[in-house]
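As provided, final15.txt (compact mmCIF, C-alpha atoms) reads as follows.
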# COMPACT_ATOMS: atom_id res chain seq x y z
CA LYS C 1 0.28 12.17 -2.63
CA ALA C 2 3.53 10.32 -2.05
CA LYS C 3 6.71 11.43 -3.78
CA GLU C 4 8.19 8.74 -6.03
CA ALA C 5 11.72 7.36 -5.95
CA ALA C 6 13.55 4.40 -7.48
CA VAL C 7 16.52 2.35 -6.28
CA MET C 8 18.90 -0.18 -7.84
CA MET C 9 19.60 -3.54 -6.21
CA LEU C 10 22.89 -4.05 -8.05
CA PHE C 11 24.72 -7.38 -8.25
CA TYR C 12 28.24 -7.54 -9.66
CA PRO C 13 31.29 -9.81 -9.60
CA LYS C 14 34.19 -9.05 -7.27
CA GLU C 15 37.10 -11.46 -7.22
CA GLU C 16 34.86 -14.07 -8.90
CA VAL C 17 32.21 -13.82 -6.14
CA THR C 18 28.77 -12.26 -6.69
CA HIS C 19 28.18 -9.21 -4.49
CA LEU C 20 25.25 -6.89 -3.80
CA LEU C 21 25.94 -3.20 -3.31
CA LEU C 22 24.50 -1.16 -0.44
CA ILE C 23 25.33 2.45 0.35
CA ILE C 24 25.80 4.14 3.71
CA ARG C 25 24.05 7.50 3.61
CA ASN C 26 25.79 10.55 4.96
CA GLU C 27 24.71 12.04 8.26
CA TYR C 28 22.34 14.95 7.73
CA PRO C 29 19.29 16.48 9.42
CA GLY C 30 16.63 14.14 8.07
CA VAL C 31 14.79 10.87 8.65
CA HIS C 32 17.17 8.73 6.58
CA SER C 33 20.44 10.12 7.96
CA SER C 34 23.28 7.55 8.18
CA GLN C 35 21.02 4.68 7.09
CA ILE C 36 21.97 1.75 4.88
CA ALA C 37 20.19 1.84 1.52
CA PHE C 38 20.38 0.97 -2.14
CA PRO C 39 21.61 3.65 -4.53
CA GLY C 40 18.67 5.64 -5.78
CA GLY C 41 16.53 8.67 -5.24
CA LYS C 42 13.72 10.93 -6.22
CA VAL C 43 12.13 10.92 -9.68
CA GLU C 44 13.12 13.96 -11.74
CA SER C 45 10.94 15.50 -14.45
CA THR C 46 13.58 14.58 -17.07
CA ASP C 47 13.41 10.83 -16.24
CA LEU C 48 11.53 8.83 -18.87
CA ASP C 49 10.44 6.21 -16.34
CA LEU C 50 11.22 4.74 -12.93
CA LYS C 51 13.92 2.44 -14.33
CA GLU C 52 15.71 5.50 -15.72
CA THR C 53 15.45 7.15 -12.29
CA ALA C 54 17.15 4.15 -10.67
CA LEU C 55 19.89 4.10 -13.31
CA ARG C 56 20.47 7.89 -13.17
CA GLU C 57 20.64 7.93 -9.39
CA THR C 58 23.00 4.94 -9.36
CA TYR C 59 25.35 6.83 -11.65
CA GLU C 60 25.08 10.03 -9.60
CA GLU C 61 25.64 8.32 -6.24
CA ILE C 62 28.23 5.63 -7.00
CA GLY C 63 29.50 6.44 -10.51
CA ILE C 64 28.28 3.32 -12.33
CA HIS C 65 26.97 4.24 -15.77
CA ALA C 66 23.70 2.76 -17.05
CA ASP C 67 25.49 0.95 -19.89
CA LYS C 68 27.25 -1.25 -17.29
CA ILE C 69 23.92 -2.44 -15.77
CA ASN C 70 21.49 -4.96 -17.21
CA VAL C 71 18.16 -4.24 -15.50
CA ILE C 72 16.45 -7.61 -15.00
CA ARG C 73 13.14 -6.69 -13.38
CA ASP C 74 11.34 -4.53 -10.88
CA PHE C 75 10.27 -5.58 -7.38
CA SER C 76 7.39 -4.56 -5.11
CA SER C 77 7.13 -0.87 -4.39
CA ILE C 78 7.37 0.17 -0.74
CA TYR C 79 5.79 3.18 0.93
CA ILE C 80 7.96 4.95 3.53
CA PRO C 81 5.69 6.99 5.83
CA PRO C 82 8.33 9.16 7.63
CA SER C 83 9.53 10.68 4.34
CA ASN C 84 6.29 10.16 2.32
CA PHE C 85 8.11 8.32 -0.49
CA LEU C 86 6.85 5.45 -2.61
CA VAL C 87 10.03 3.60 -3.62
CA PHE C 88 10.32 1.36 -6.66
CA PRO C 89 13.24 -1.14 -6.51
CA PHE C 90 14.90 -2.59 -9.61
CA LEU C 91 17.24 -5.58 -9.87
CA GLY C 92 20.32 -4.91 -11.96
CA ILE C 93 23.35 -7.00 -12.83
CA ALA C 94 26.79 -5.87 -13.94
CA SER C 95 28.84 -8.52 -15.69
CA THR C 96 32.26 -7.01 -14.93
CA GLU C 97 34.02 -5.88 -11.77
CA LEU C 98 33.12 -2.31 -10.88
CA THR C 99 35.02 0.70 -9.63
CA PHE C 100 32.86 3.01 -7.53
CA THR C 101 33.09 6.80 -7.40
CA LEU C 102 31.05 7.98 -4.43
CA GLN C 103 29.12 11.24 -4.39
CA LYS C 104 30.51 12.44 -1.08
CA GLU C 105 27.58 14.81 -0.40
CA GLU C 106 25.15 11.86 -0.17
CA VAL C 107 27.17 8.66 0.24
CA ALA C 108 29.48 8.11 3.22
CA GLY C 109 30.54 4.61 2.14
CA ILE C 110 29.53 1.32 0.57
CA ILE C 111 28.91 -2.21 1.74
CA GLU C 112 29.81 -5.01 -0.65
CA LEU C 113 27.61 -7.90 0.47
CA PRO C 114 28.48 -11.35 -0.90
CA LEU C 115 25.38 -13.14 -2.22
CA SER C 116 26.15 -16.09 0.06
CA MET C 117 25.89 -13.80 3.10
CA LEU C 118 22.55 -12.38 1.91
CA LEU C 119 21.21 -15.92 1.64
CA ASP C 120 22.49 -16.88 5.12
CA ASP C 121 19.50 -16.83 7.49
CA SER C 122 21.75 -16.21 10.49
CA ILE C 123 22.20 -12.52 9.55
CA VAL C 124 18.49 -11.83 10.12
CA LYS C 125 18.00 -10.66 13.70
CA THR C 126 15.62 -8.60 15.83
CA LYS C 127 16.99 -5.37 17.24
CA SER C 128 15.69 -2.52 19.36
CA ILE C 129 16.25 0.81 17.60
CA THR C 130 15.21 4.42 17.96
CA THR C 131 13.80 6.02 14.82
CA SER C 132 12.53 9.45 13.83
CA TYR C 133 9.05 8.29 14.84
CA ALA C 134 9.52 5.77 17.70
CA ASN C 135 11.78 5.13 20.68
CA SER C 136 13.10 1.65 21.36
CA ILE C 137 11.07 -0.29 18.80
CA GLU C 138 11.83 -3.95 17.98
CA VAL C 139 12.47 -4.40 14.25
CA PRO C 140 13.83 -7.15 12.02
CA VAL C 141 17.30 -6.32 10.71
CA PHE C 142 19.90 -7.79 8.42
CA GLN C 143 23.03 -7.63 10.59
CA ILE C 144 25.94 -7.14 8.19
CA ASP C 145 29.08 -6.84 10.27
CA GLU C 146 28.54 -3.68 12.38
CA HIS C 147 25.70 -2.44 10.15
CA ALA C 148 22.04 -3.07 10.99
CA VAL C 149 19.92 -2.83 7.83
CA TRP C 150 16.28 -2.23 8.72
CA GLY C 151 13.10 -0.60 7.44
CA ALA C 152 12.38 -0.35 3.74
CA THR C 153 15.84 -1.59 2.73
CA ALA C 154 15.42 -4.70 4.91
CA MET C 155 12.01 -5.31 3.32
CA MET C 156 13.57 -5.08 -0.15
CA LEU C 157 16.37 -7.43 0.91
CA SER C 158 13.78 -9.92 2.20
CA GLU C 159 11.90 -9.95 -1.08
CA LEU C 160 15.16 -10.24 -3.01
CA LYS C 161 16.31 -13.10 -0.80
CA GLU C 162 13.00 -14.96 -1.30
CA ALA C 163 13.25 -14.50 -5.09
CA PHE C 164 16.71 -16.10 -5.04
CA LYS C 165 15.52 -18.99 -2.88
CA MET C 166 12.81 -19.75 -5.45
CA VAL C 167 15.37 -20.20 -8.23
CA LEU C 168 18.23 -21.80 -6.31
What does this structure look like when you write it as structure tokens?
Amino acid sequence: KAKEAAVMMLFYPKEEVTHLLLIIRNEYPGVHSSQIAFPGGKVESTDLDLKETALRETYEEIGIHADKINVIRDFSSIYIPPSNFLVFPFLGIASTELTFTLQKEEVAGIIELPLSMLLDDSIVKTKSITTSYANSIEVPVFQIDEHAVWGATAMMLSELKEAFKMVL
């Protein structure tokens, strides 16, 4: 009985360059502390569907209202064993530059990833990390400056990257 969550893979223009938004989670006692993720979170009983969850959580975490986002499609759901969440990613596009208002309790910062960097194979590396469930495990990561994006977020980025390669 996994809990359900939804996230938004949000593209937007910044200085005439397409960017993808990632958040840096705050440090807290939990398995996802300080990790890089997409805005999103747990399904609430008031959400009509998973897409609404992703849009609501995006607004709560980074201050971007649903009317600014055109949701294009969903992507493969991913089960995260350490937290027992089944996460449903959605691809959204904003057509105008965005101003973010971070929910400081959950979001420590943001990463604005240019699409060209996402598509650059040289940012995919293998790194030894320690997790809540394993010490010194080799995992694939997207190395974005000083940030190593791994786990479920890296899996979502991989699927997103492959989808772009199919159309470019």
Distance criterion (all atoms listed in the file): nearest to C:Glu52 out of C:Leu113, C:Ile24, C:Val7, C:Leu86: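 Smallest separation from C:Glu52 among the options: C:Val7.
Taking atom CA of C:Leu118 and atom CA of C:Glu16 as endpoints, the distance between them is 16.5 Å.
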Within 8 Å of C:Ile36, counting only C-alpha atoms, which residues qualify if same-chain residues fewer than 3 places away don't, as a ChimeraX atom specification? /C:22-25,147-150,153
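Between C:Val124 and the residues C:Ser136, C:Ser158, C:Gln103, C:Ser83, the shortest atom-to-atom distance, using all atoms listed in the file, involves C:Ser158.
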Using all atoms listed in the file, which of C:Glu97, C:Lys68, C:Gly151, C:Leu48 sits nearest C:Thr18? C:Glu97
Could you tell me how far atom CA of C:Glu57 sits from atom CA of C:Gly40, in Å to one decimal place?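 Distance between the two atoms: 4.7 Å.
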I'd like to know which of C:Ser77, C:Glu105, C:Lys161, C:Val71 is closest to C:Leu91, using all atoms listed in the file.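 Looking at the shortest contact to C:Leu91, the residue is C:Val71.
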Return the single residue from C:Ile80, C:Ile111, C:Leu21, C:Ala154 that is closest to C:Ala2, with distances computed using only C-alpha atoms. C:Ile80
So which residues touch C:Phe100 within 7 Å, counting all atoms listed in the file, skipping near sequence neighbours fewer than 4 positions away, as a compact mmCIF listing (two decimals) with C-alpha atoms, in the coordinates of the input?
# COMPACT_ATOMS: atom_id res chain seq x y z
CA ILE C 62 28.23 5.63 -7.00
CA GLY C 63 29.50 6.44 -10.51
CA ILE C 64 28.28 3.32 -12.33
Polymer residues at most 12 Å from C:Lys165, only C-alpha atoms, same-chain spacing of 5 or more positions, as a PyMOL selection string: chain C and resi 115-116+118-121+158-160
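For the pair atom CA of C:Glu61 and atom CA of C:Phe38, the interatomic distance is 9.9 Å.
With only C-alpha atoms as the atoms that count, the minimum distance from C:Asn70 to the choices C:Leu20, C:Asp47, C:Leu10, C:Thr58 is reached by C:Leu10.
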